[in-house]
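Peer 1: Here you go, this is work-v3.txt (compact mmCIF, N, CA and C atoms).
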```
# COMPACT_ATOMS: atom_id res chain seq x y z
N MET A 1 6.28 -14.19 -19.50
CA MET A 1 5.44 -13.23 -18.79
C MET A 1 4.90 -13.90 -17.53
N ASP A 2 5.00 -13.19 -16.41
CA ASP A 2 4.52 -13.69 -15.12
C ASP A 2 3.24 -12.97 -14.72
N PHE A 3 2.51 -13.58 -13.80
CA PHE A 3 1.31 -12.99 -13.23
C PHE A 3 1.46 -13.01 -11.73
N ARG A 4 1.27 -11.85 -11.09
CA ARG A 4 1.39 -11.74 -9.64
C ARG A 4 0.22 -10.92 -9.10
N VAL A 5 -0.06 -11.11 -7.82
CA VAL A 5 -1.11 -10.37 -7.14
C VAL A 5 -0.46 -9.53 -6.04
N TYR A 6 -0.91 -8.28 -5.93
CA TYR A 6 -0.43 -7.43 -4.85
C TYR A 6 -1.61 -6.79 -4.14
N VAL A 7 -1.35 -6.28 -2.95
CA VAL A 7 -2.37 -5.62 -2.14
C VAL A 7 -1.85 -4.25 -1.71
N ARG A 8 -2.75 -3.30 -1.55
CA ARG A 8 -2.44 -1.96 -1.05
C ARG A 8 -3.50 -1.58 -0.04
N ALA A 9 -3.10 -0.79 0.96
CA ALA A 9 -4.01 -0.37 2.02
C ALA A 9 -4.13 1.14 2.06
N ILE A 10 -5.36 1.61 2.13
CA ILE A 10 -5.63 3.01 2.44
C ILE A 10 -5.87 3.05 3.94
N VAL A 11 -5.01 3.76 4.66
CA VAL A 11 -5.10 3.86 6.11
C VAL A 11 -5.19 5.34 6.48
N PHE A 12 -6.25 5.70 7.17
CA PHE A 12 -6.44 7.09 7.62
C PHE A 12 -6.07 7.21 9.09
N ASN A 13 -5.53 8.38 9.47
CA ASN A 13 -5.37 8.67 10.89
C ASN A 13 -6.55 9.53 11.35
N GLU A 14 -6.49 9.98 12.61
CA GLU A 14 -7.61 10.75 13.17
C GLU A 14 -7.77 12.11 12.51
N LYS A 15 -6.74 12.61 11.81
CA LYS A 15 -6.82 13.88 11.09
C LYS A 15 -7.26 13.68 9.63
N HIS A 16 -7.64 12.47 9.30
CA HIS A 16 -8.06 12.08 7.95
C HIS A 16 -6.91 12.20 6.93
N GLN A 17 -5.68 12.04 7.42
CA GLN A 17 -4.52 11.97 6.55
C GLN A 17 -4.29 10.51 6.17
N ILE A 18 -3.60 10.29 5.07
CA ILE A 18 -3.38 8.95 4.53
C ILE A 18 -1.93 8.55 4.75
N LEU A 19 -1.74 7.32 5.18
CA LEU A 19 -0.41 6.78 5.43
C LEU A 19 0.28 6.44 4.11
N MET A 20 1.49 6.98 3.93
CA MET A 20 2.26 6.74 2.70
C MET A 20 3.69 6.36 3.06
N LEU A 21 4.28 5.53 2.22
CA LEU A 21 5.68 5.14 2.35
C LEU A 21 6.43 5.58 1.11
N GLN A 22 7.60 6.17 1.30
CA GLN A 22 8.42 6.54 0.16
C GLN A 22 9.50 5.48 -0.04
N LYS A 23 9.52 4.89 -1.23
CA LYS A 23 10.52 3.87 -1.55
C LYS A 23 11.90 4.54 -1.61
N ARG A 24 12.91 3.82 -1.18
CA ARG A 24 14.28 4.32 -1.31
C ARG A 24 14.65 4.40 -2.79
N SER A 25 15.55 5.26 -3.11
CA SER A 25 15.95 5.46 -4.52
C SER A 25 16.70 4.28 -5.10
N ASP A 26 17.21 3.38 -4.25
CA ASP A 26 17.93 2.21 -4.75
C ASP A 26 17.05 0.97 -4.93
N GLN A 27 15.74 1.12 -4.75
CA GLN A 27 14.82 -0.01 -4.90
C GLN A 27 14.51 -0.26 -6.38
N LYS A 28 14.34 -1.54 -6.73
CA LYS A 28 14.09 -1.92 -8.13
C LYS A 28 12.72 -1.44 -8.61
N ILE A 29 11.69 -1.64 -7.82
CA ILE A 29 10.33 -1.26 -8.20
C ILE A 29 9.99 0.07 -7.54
N ALA A 30 9.58 1.03 -8.33
CA ALA A 30 9.10 2.35 -7.90
C ALA A 30 10.12 3.12 -7.05
N PRO A 31 11.37 3.22 -7.49
CA PRO A 31 12.36 3.94 -6.68
C PRO A 31 11.96 5.40 -6.47
N GLY A 32 12.02 5.84 -5.20
CA GLY A 32 11.72 7.21 -4.85
C GLY A 32 10.25 7.58 -4.80
N ARG A 33 9.38 6.68 -5.22
CA ARG A 33 7.93 7.00 -5.27
C ARG A 33 7.27 6.83 -3.91
N TRP A 34 6.22 7.62 -3.71
CA TRP A 34 5.36 7.46 -2.54
C TRP A 34 4.28 6.44 -2.88
N LEU A 35 4.08 5.47 -2.00
CA LEU A 35 3.11 4.40 -2.22
C LEU A 35 2.27 4.17 -0.97
N LEU A 36 1.10 3.61 -1.19
CA LEU A 36 0.30 3.10 -0.08
C LEU A 36 1.00 1.86 0.47
N PRO A 37 0.84 1.56 1.76
CA PRO A 37 1.43 0.34 2.30
C PRO A 37 0.88 -0.89 1.57
N GLY A 38 1.72 -1.89 1.40
CA GLY A 38 1.28 -3.13 0.77
C GLY A 38 2.41 -3.84 0.09
N GLY A 39 2.07 -4.88 -0.64
CA GLY A 39 3.08 -5.66 -1.34
C GLY A 39 2.49 -6.90 -1.97
N ALA A 40 3.35 -7.82 -2.33
CA ALA A 40 2.94 -9.01 -3.07
C ALA A 40 2.31 -10.06 -2.16
N VAL A 41 1.34 -10.75 -2.72
CA VAL A 41 0.75 -11.91 -2.06
C VAL A 41 1.71 -13.08 -2.27
N GLU A 42 2.05 -13.76 -1.18
CA GLU A 42 2.98 -14.88 -1.26
C GLU A 42 2.24 -16.20 -1.45
N PHE A 43 2.98 -17.23 -1.84
CA PHE A 43 2.43 -18.58 -2.04
C PHE A 43 1.71 -19.04 -0.77
N ASN A 44 0.52 -19.60 -0.94
CA ASN A 44 -0.29 -20.17 0.14
C ASN A 44 -0.76 -19.09 1.13
N GLU A 45 -1.03 -17.91 0.63
CA GLU A 45 -1.48 -16.80 1.46
C GLU A 45 -2.68 -16.16 0.77
N THR A 46 -3.71 -15.81 1.53
CA THR A 46 -4.83 -15.09 0.95
C THR A 46 -4.44 -13.62 0.80
N ALA A 47 -5.21 -12.89 0.02
CA ALA A 47 -4.94 -11.47 -0.16
C ALA A 47 -5.07 -10.73 1.17
N GLU A 48 -6.07 -11.06 1.96
CA GLU A 48 -6.25 -10.39 3.25
C GLU A 48 -5.09 -10.70 4.19
N GLN A 49 -4.63 -11.94 4.21
CA GLN A 49 -3.46 -12.29 5.04
C GLN A 49 -2.24 -11.48 4.59
N ALA A 50 -2.06 -11.38 3.28
CA ALA A 50 -0.92 -10.62 2.75
C ALA A 50 -1.02 -9.16 3.15
N LEU A 51 -2.21 -8.59 3.07
CA LEU A 51 -2.40 -7.19 3.44
C LEU A 51 -2.03 -6.96 4.90
N ARG A 52 -2.56 -7.79 5.78
CA ARG A 52 -2.27 -7.65 7.21
C ARG A 52 -0.77 -7.82 7.48
N ARG A 53 -0.14 -8.79 6.83
CA ARG A 53 1.30 -9.02 7.00
C ARG A 53 2.11 -7.82 6.51
N GLU A 54 1.79 -7.34 5.30
CA GLU A 54 2.54 -6.22 4.73
C GLU A 54 2.40 -4.95 5.56
N ILE A 55 1.19 -4.66 6.03
CA ILE A 55 1.00 -3.47 6.87
C ILE A 55 1.88 -3.56 8.11
N GLN A 56 1.86 -4.72 8.75
CA GLN A 56 2.66 -4.87 9.97
C GLN A 56 4.16 -4.84 9.66
N GLU A 57 4.58 -5.52 8.60
CA GLU A 57 6.01 -5.54 8.24
C GLU A 57 6.54 -4.15 7.89
N GLU A 58 5.73 -3.34 7.23
CA GLU A 58 6.19 -2.03 6.77
C GLU A 58 6.00 -0.91 7.79
N THR A 59 4.92 -0.99 8.59
CA THR A 59 4.55 0.14 9.45
C THR A 59 4.44 -0.19 10.93
N GLY A 60 4.46 -1.46 11.28
CA GLY A 60 4.27 -1.87 12.66
C GLY A 60 2.82 -1.88 13.11
N LEU A 61 1.90 -1.44 12.25
CA LEU A 61 0.49 -1.40 12.61
C LEU A 61 -0.16 -2.77 12.51
N ILE A 62 -1.10 -3.02 13.39
CA ILE A 62 -1.93 -4.23 13.33
C ILE A 62 -3.27 -3.80 12.73
N ALA A 63 -3.60 -4.33 11.57
CA ALA A 63 -4.87 -3.99 10.93
C ALA A 63 -5.99 -4.72 11.67
N GLN A 64 -6.87 -3.95 12.31
CA GLN A 64 -7.96 -4.55 13.06
C GLN A 64 -9.17 -4.82 12.19
N GLU A 65 -9.35 -4.00 11.17
CA GLU A 65 -10.44 -4.18 10.20
C GLU A 65 -9.88 -3.94 8.81
N VAL A 66 -10.28 -4.76 7.86
CA VAL A 66 -9.93 -4.52 6.46
C VAL A 66 -11.16 -4.74 5.60
N LYS A 67 -11.26 -3.95 4.54
CA LYS A 67 -12.40 -4.06 3.63
C LYS A 67 -11.90 -3.86 2.21
N LEU A 68 -12.20 -4.81 1.35
CA LEU A 68 -11.83 -4.71 -0.06
C LEU A 68 -12.66 -3.63 -0.72
N LEU A 69 -11.96 -2.70 -1.41
CA LEU A 69 -12.64 -1.57 -2.04
C LEU A 69 -12.59 -1.60 -3.56
N GLY A 70 -11.54 -2.17 -4.13
CA GLY A 70 -11.41 -2.13 -5.58
C GLY A 70 -10.20 -2.89 -6.07
N GLU A 71 -9.98 -2.80 -7.38
CA GLU A 71 -8.90 -3.52 -8.04
C GLU A 71 -8.05 -2.58 -8.88
N ASP A 72 -6.87 -3.04 -9.21
CA ASP A 72 -5.94 -2.28 -10.04
C ASP A 72 -5.20 -3.28 -10.93
N MET A 73 -4.53 -2.78 -11.96
CA MET A 73 -3.74 -3.63 -12.83
C MET A 73 -2.55 -2.82 -13.31
N ARG A 74 -1.37 -3.45 -13.27
CA ARG A 74 -0.15 -2.80 -13.74
C ARG A 74 0.70 -3.82 -14.49
N ILE A 75 1.41 -3.35 -15.48
CA ILE A 75 2.43 -4.15 -16.15
C ILE A 75 3.77 -3.54 -15.79
N ILE A 76 4.61 -4.30 -15.12
CA ILE A 76 5.94 -3.85 -14.74
C ILE A 76 6.93 -4.84 -15.34
N GLU A 77 7.73 -4.33 -16.27
CA GLU A 77 8.65 -5.17 -17.04
C GLU A 77 7.83 -6.28 -17.70
N GLN A 78 8.10 -7.52 -17.43
CA GLN A 78 7.36 -8.62 -18.05
C GLN A 78 6.37 -9.28 -17.09
N THR A 79 5.93 -8.53 -16.07
CA THR A 79 5.02 -9.10 -15.08
C THR A 79 3.70 -8.34 -15.08
N HIS A 80 2.62 -9.09 -15.16
CA HIS A 80 1.25 -8.55 -15.03
C HIS A 80 0.91 -8.62 -13.54
N TRP A 81 0.69 -7.46 -12.93
CA TRP A 81 0.34 -7.37 -11.52
C TRP A 81 -1.15 -7.04 -11.38
N HIS A 82 -1.88 -7.88 -10.66
CA HIS A 82 -3.28 -7.63 -10.35
C HIS A 82 -3.33 -7.13 -8.91
N GLY A 83 -3.86 -5.92 -8.71
CA GLY A 83 -3.87 -5.31 -7.38
C GLY A 83 -5.23 -5.29 -6.75
N LEU A 84 -5.25 -5.49 -5.45
CA LEU A 84 -6.46 -5.39 -4.65
C LEU A 84 -6.25 -4.26 -3.65
N ILE A 85 -7.19 -3.33 -3.62
CA ILE A 85 -7.06 -2.12 -2.81
C ILE A 85 -8.06 -2.21 -1.65
N TYR A 86 -7.53 -2.07 -0.45
CA TYR A 86 -8.32 -2.22 0.77
C TYR A 86 -8.34 -0.93 1.58
N LEU A 87 -9.38 -0.80 2.39
CA LEU A 87 -9.40 0.17 3.48
C LEU A 87 -9.00 -0.61 4.71
N ALA A 88 -8.04 -0.10 5.48
CA ALA A 88 -7.60 -0.77 6.70
C ALA A 88 -7.73 0.18 7.87
N ARG A 89 -8.15 -0.38 9.00
CA ARG A 89 -8.29 0.41 10.21
C ARG A 89 -7.52 -0.25 11.35
N GLY A 90 -6.99 0.59 12.21
CA GLY A 90 -6.26 0.11 13.37
C GLY A 90 -5.80 1.30 14.18
N LYS A 91 -5.01 1.05 15.21
CA LYS A 91 -4.46 2.13 16.03
C LYS A 91 -3.29 2.73 15.28
N THR A 92 -3.47 3.94 14.77
CA THR A 92 -2.51 4.52 13.84
C THR A 92 -1.37 5.28 14.51
N ALA A 93 -1.49 5.60 15.79
CA ALA A 93 -0.47 6.42 16.45
C ALA A 93 0.90 5.74 16.51
N SER A 94 0.92 4.43 16.41
CA SER A 94 2.19 3.70 16.56
C SER A 94 2.91 3.43 15.24
N ALA A 95 2.43 3.98 14.14
CA ALA A 95 3.05 3.70 12.84
C ALA A 95 4.47 4.24 12.78
N TYR A 96 5.39 3.42 12.26
CA TYR A 96 6.77 3.86 12.05
C TYR A 96 7.36 3.07 10.89
N ASN A 97 8.49 3.52 10.38
CA ASN A 97 9.15 2.90 9.24
C ASN A 97 9.92 1.67 9.73
N VAL A 98 9.31 0.50 9.60
CA VAL A 98 9.91 -0.74 10.06
C VAL A 98 11.03 -1.20 9.12
N GLU A 99 10.95 -0.82 7.86
CA GLU A 99 11.90 -1.30 6.85
C GLU A 99 12.69 -0.14 6.23
N PRO A 100 13.58 0.50 6.99
CA PRO A 100 14.35 1.62 6.44
C PRO A 100 15.28 1.21 5.30
N HIS A 101 15.56 -0.08 5.17
CA HIS A 101 16.37 -0.55 4.04
C HIS A 101 15.57 -0.56 2.74
N LYS A 102 14.23 -0.46 2.82
CA LYS A 102 13.36 -0.41 1.64
C LYS A 102 12.70 0.95 1.47
N HIS A 103 12.40 1.61 2.58
CA HIS A 103 11.64 2.86 2.55
C HIS A 103 12.44 4.01 3.15
N ALA A 104 12.48 5.11 2.43
CA ALA A 104 13.20 6.30 2.90
C ALA A 104 12.39 7.03 3.97
N ALA A 105 11.05 6.92 3.91
CA ALA A 105 10.21 7.66 4.85
C ALA A 105 8.84 7.02 4.98
N LEU A 106 8.22 7.24 6.13
CA LEU A 106 6.82 6.92 6.38
C LEU A 106 6.20 8.21 6.90
N GLN A 107 5.16 8.68 6.22
CA GLN A 107 4.53 9.93 6.62
C GLN A 107 3.03 9.88 6.38
N TRP A 108 2.31 10.71 7.12
CA TRP A 108 0.88 10.92 6.92
C TRP A 108 0.73 12.13 6.03
N HIS A 109 -0.10 12.00 4.98
CA HIS A 109 -0.25 13.10 4.02
C HIS A 109 -1.71 13.42 3.78
N ASN A 110 -1.95 14.69 3.46
CA ASN A 110 -3.29 15.14 3.08
C ASN A 110 -3.61 14.66 1.67
N LEU A 111 -4.87 14.67 1.35
CA LEU A 111 -5.35 14.19 0.07
C LEU A 111 -4.68 14.88 -1.12
N ASP A 112 -4.42 16.18 -1.02
CA ASP A 112 -3.80 16.91 -2.13
C ASP A 112 -2.42 16.37 -2.47
N PHE A 113 -1.67 15.92 -1.47
CA PHE A 113 -0.35 15.32 -1.72
C PHE A 113 -0.51 13.93 -2.31
N VAL A 114 -1.46 13.17 -1.79
CA VAL A 114 -1.61 11.76 -2.14
C VAL A 114 -2.13 11.56 -3.56
N LYS A 115 -3.09 12.35 -3.98
CA LYS A 115 -3.76 12.14 -5.27
C LYS A 115 -2.81 11.93 -6.45
N PRO A 116 -1.79 12.79 -6.67
CA PRO A 116 -0.93 12.59 -7.84
C PRO A 116 -0.02 11.36 -7.75
N THR A 117 0.09 10.76 -6.57
CA THR A 117 0.97 9.60 -6.42
C THR A 117 0.26 8.28 -6.73
N LEU A 118 -1.06 8.31 -6.83
CA LEU A 118 -1.85 7.08 -6.98
C LEU A 118 -2.07 6.72 -8.43
N SER A 119 -2.31 5.44 -8.65
CA SER A 119 -2.73 4.99 -9.97
C SER A 119 -4.17 5.46 -10.18
N PRO A 120 -4.64 5.48 -11.44
CA PRO A 120 -6.04 5.87 -11.66
C PRO A 120 -7.04 5.02 -10.88
N SER A 121 -6.78 3.73 -10.77
CA SER A 121 -7.69 2.85 -10.02
C SER A 121 -7.67 3.18 -8.54
N GLU A 122 -6.48 3.39 -7.97
CA GLU A 122 -6.38 3.74 -6.55
C GLU A 122 -7.09 5.07 -6.29
N LEU A 123 -6.92 6.02 -7.18
CA LEU A 123 -7.57 7.31 -7.02
C LEU A 123 -9.09 7.19 -7.06
N ARG A 124 -9.62 6.41 -8.00
CA ARG A 124 -11.07 6.19 -8.07
C ARG A 124 -11.60 5.60 -6.75
N VAL A 125 -10.87 4.62 -6.21
CA VAL A 125 -11.28 3.99 -4.96
C VAL A 125 -11.27 5.02 -3.84
N LEU A 126 -10.19 5.78 -3.74
CA LEU A 126 -10.08 6.78 -2.67
C LEU A 126 -11.18 7.82 -2.78
N GLU A 127 -11.47 8.29 -3.97
CA GLU A 127 -12.50 9.31 -4.15
C GLU A 127 -13.91 8.77 -3.89
N SER A 128 -14.07 7.45 -3.89
CA SER A 128 -15.39 6.87 -3.61
C SER A 128 -15.67 6.79 -2.11
N LEU A 129 -14.66 7.02 -1.30
CA LEU A 129 -14.84 6.92 0.17
C LEU A 129 -15.55 8.14 0.73
```
Transcribe the structure of this file into structure tokens.

Peer 2:
Amino acid sequence: MDFRVYVRAIVFNEKHQILMLQKRSDQKIAPGRWLLPGGAVEFNETAEQALRREIQEETGLIAQEVKLLGEDMRIIEQTHWHGLIYLARGKTASAYNVEPHKHAALQWHNLDFVKPTLSPSELRVLESL
């Protein structure tokens, strides 16, 4: 059994929509699912560094402000994933799908679309905003 840490970002645009990425159907983890931007923390990297890196790698956005909002936990196969959920702010107009080999789409969605895609912990964090 392995233990890993991941980060996720809640990013709003000026219309108060939330940035979501849809995983490609051929991806090993969460194929076809809509997810908040983020990913695994790498060796010798802080969670905040990982969050900023992942946001830029996936969406092209530079996170100007980040704030830790909550935690999550998932078991995927034989790996225990500890998640940290952040609010991230930046210039959102330039967001695009930087990794089309991993993500089928990048879109801004209203809360009604986003809610059923989130884990219970992510939803609690979002509803506390």

Peer 1: Show which residues sit within 6.5 Å of A:His109, as JSON, numbers by chain. Count only N, CA and C atoms, and ignore same-chain residues fewer than 5 positions away.

Peer 2: {"A": [16, 17, 18, 19, 20, 114]}

Peer 1: Please produce a file of those selected residues containing N, CA and C atoms, as an mmCIF file, in the coordinates of the input.

Peer 2:
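Generated output (result03.cif):
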```
data_model
loop_
_atom_site.group_PDB
_atom_site.id
_atom_site.type_symbol
_atom_site.label_atom_id
_atom_site.label_comp_id
_atom_site.auth_asym_id
_atom_site.auth_seq_id
_atom_site.Cartn_x
_atom_site.Cartn_y
_atom_site.Cartn_z
ATOM 1 N N HIS A 16 -7.640 12.470 9.300
ATOM 2 C CA HIS A 16 -8.060 12.080 7.950
ATOM 3 C C HIS A 16 -6.910 12.200 6.930
ATOM 4 N N GLN A 17 -5.680 12.040 7.420
ATOM 5 C CA GLN A 17 -4.520 11.970 6.550
ATOM 6 C C GLN A 17 -4.290 10.510 6.170
ATOM 7 N N ILE A 18 -3.600 10.290 5.070
ATOM 8 C CA ILE A 18 -3.380 8.950 4.530
ATOM 9 C C ILE A 18 -1.930 8.550 4.750
ATOM 10 N N LEU A 19 -1.740 7.320 5.180
ATOM 11 C CA LEU A 19 -0.410 6.780 5.430
ATOM 12 C C LEU A 19 0.280 6.440 4.110
ATOM 13 N N MET A 20 1.490 6.980 3.930
ATOM 14 C CA MET A 20 2.260 6.740 2.700
ATOM 15 C C MET A 20 3.690 6.360 3.060
ATOM 16 N N VAL A 114 -1.460 13.170 -1.790
ATOM 17 C CA VAL A 114 -1.610 11.760 -2.140
ATOM 18 C C VAL A 114 -2.130 11.560 -3.560
#
```

Peer 1: Between A:Leu51, A:Val41, A:Ile29, A:Leu35, which one has atoms that come closest to A:Glu65, using only C-alpha atoms?

Peer 2: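 Looking at the shortest contact to A:Glu65, the residue is A:Leu51.
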
Peer 1: Could you write out, as a PyMOL selection string, all the residues of stretch 40-70 of chain A that DSSP marks as alpha helix (DSSP H)?

Peer 2: chain A and resi 47-59

Peer 1: Suppose you want the space between atom CA of A:Leu61 and atom CA of A:Arg74; what is it in Å?

Peer 2: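 Between these atoms lies a distance of 26.4 Å.
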
Peer 1: Hey, what's within 5 Å of A:Met73 if we count all atoms listed in the file and toss same-chain stuff fewer than 5 positions away? As a PyMOL selection string, please?

Peer 2: chain A and resi 81-83

Peer 1: Out of A:Arg24, A:His80, A:Lys67, A:Arg33, which residue has the shortest atom-to-atom distance to A:Val5 when counting only C-alpha atoms?

Peer 2: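 Checking each candidate against A:Val5, we get A:His80 as the closest.
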
Peer 1: Hey, which of A:Glu48, A:Asp112, A:Glu122, A:Glu99 ends up closest to A:Gly70? Count all atoms listed in the file.

Peer 2: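 Nearest candidate to A:Gly70 out of A:Glu48, A:Asp112, A:Glu122, A:Glu99: A:Glu122.
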
Peer 1: Kindly extract all protein, DNA and RNA residues lying within 8 Å of the coordinates (10.8, 5.2, 7.7) given in the file, considering all atoms listed in the file, and supply them as a JSON list (two decimals) with N, CA and C atoms, in the frame of the given file.

Peer 2:
```json
[["chain", "number", "residue", "atom", "x", "y", "z"],
["A", 21, "LEU", "N", 4.28, 5.53, 2.22],
["A", 21, "LEU", "CA", 5.68, 5.14, 2.35],
["A", 21, "LEU", "C", 6.43, 5.58, 1.11],
["A", 22, "GLN", "N", 7.60, 6.17, 1.30],
["A", 22, "GLN", "CA", 8.42, 6.54, 0.16],
["A", 22, "GLN", "C", 9.50, 5.48, -0.04],
["A", 58, "GLU", "N", 5.73, -3.34, 7.23],
["A", 58, "GLU", "CA", 6.19, -2.03, 6.77],
["A", 58, "GLU", "C", 6.00, -0.91, 7.79],
["A", 96, "TYR", "N", 5.39, 3.42, 12.26],
["A", 96, "TYR", "CA", 6.77, 3.86, 12.05],
["A", 96, "TYR", "C", 7.36, 3.07, 10.89],
["A", 97, "ASN", "N", 8.49, 3.52, 10.38],
["A", 97, "ASN", "CA", 9.15, 2.90, 9.24],
["A", 97, "ASN", "C", 9.92, 1.67, 9.73],
["A", 98, "VAL", "N", 9.31, 0.50, 9.60],
["A", 98, "VAL", "CA", 9.91, -0.74, 10.06],
["A", 98, "VAL", "C", 11.03, -1.20, 9.12],
["A", 99, "GLU", "N", 10.95, -0.82, 7.86],
["A", 99, "GLU", "CA", 11.90, -1.30, 6.85],
["A", 99, "GLU", "C", 12.69, -0.14, 6.23],
["A", 100, "PRO", "N", 13.58, 0.50, 6.99],
["A", 100, "PRO", "CA", 14.35, 1.62, 6.44],
["A", 100, "PRO", "C", 15.28, 1.21, 5.30],
["A", 101, "HIS", "N", 15.56, -0.08, 5.17],
["A", 101, "HIS", "CA", 16.37, -0.55, 4.04],
["A", 101, "HIS", "C", 15.57, -0.56, 2.74],
["A", 102, "LYS", "N", 14.23, -0.46, 2.82],
["A", 102, "LYS", "CA", 13.36, -0.41, 1.64],
["A", 102, "LYS", "C", 12.70, 0.95, 1.47],
["A", 103, "HIS", "N", 12.40, 1.61, 2.58],
["A", 103, "HIS", "CA", 11.64, 2.86, 2.55],
["A", 103, "HIS", "C", 12.44, 4.01, 3.15],
["A", 104, "ALA", "N", 12.48, 5.11, 2.43],
["A", 104, "ALA", "CA", 13.20, 6.30, 2.90],
["A", 104, "ALA", "C", 12.39, 7.03, 3.97],
["A", 105, "ALA", "N", 11.05, 6.92, 3.91],
["A", 105, "ALA", "CA", 10.21, 7.66, 4.85],
["A", 105, "ALA", "C", 8.84, 7.02, 4.98],
["A", 106, "LEU", "N", 8.22, 7.24, 6.13],
["A", 106, "LEU", "CA", 6.82, 6.92, 6.38],
["A", 106, "LEU", "C", 6.20, 8.21, 6.90],
["A", 107, "GLN", "N", 5.16, 8.68, 6.22],
["A", 107, "GLN", "CA", 4.53, 9.93, 6.62],
["A", 107, "GLN", "C", 3.03, 9.88, 6.38]]
```

Peer 1: For A:Gly90, find every residue with an atom within 5 Å (counting all atoms listed in the file), except residues of its own chain fewer than 6 positions away, and show them as a PyMOL selection string.

Peer 2: chain A and resi 62-64

Peer 1: Find the distance between atom CA of A:Pro37 and atom CA of A:Glu54 and write it in Å to one decimal.

Peer 2: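 The value is 7.1 Å.
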
Peer 1: Compare A:Ala50, A:Lys28, A:Trp34, A:Ile10 by their minimum atom-to-atom distance to A:Phe113, counting only C-alpha atoms, and give me the closest one.

Peer 2: A:Trp34
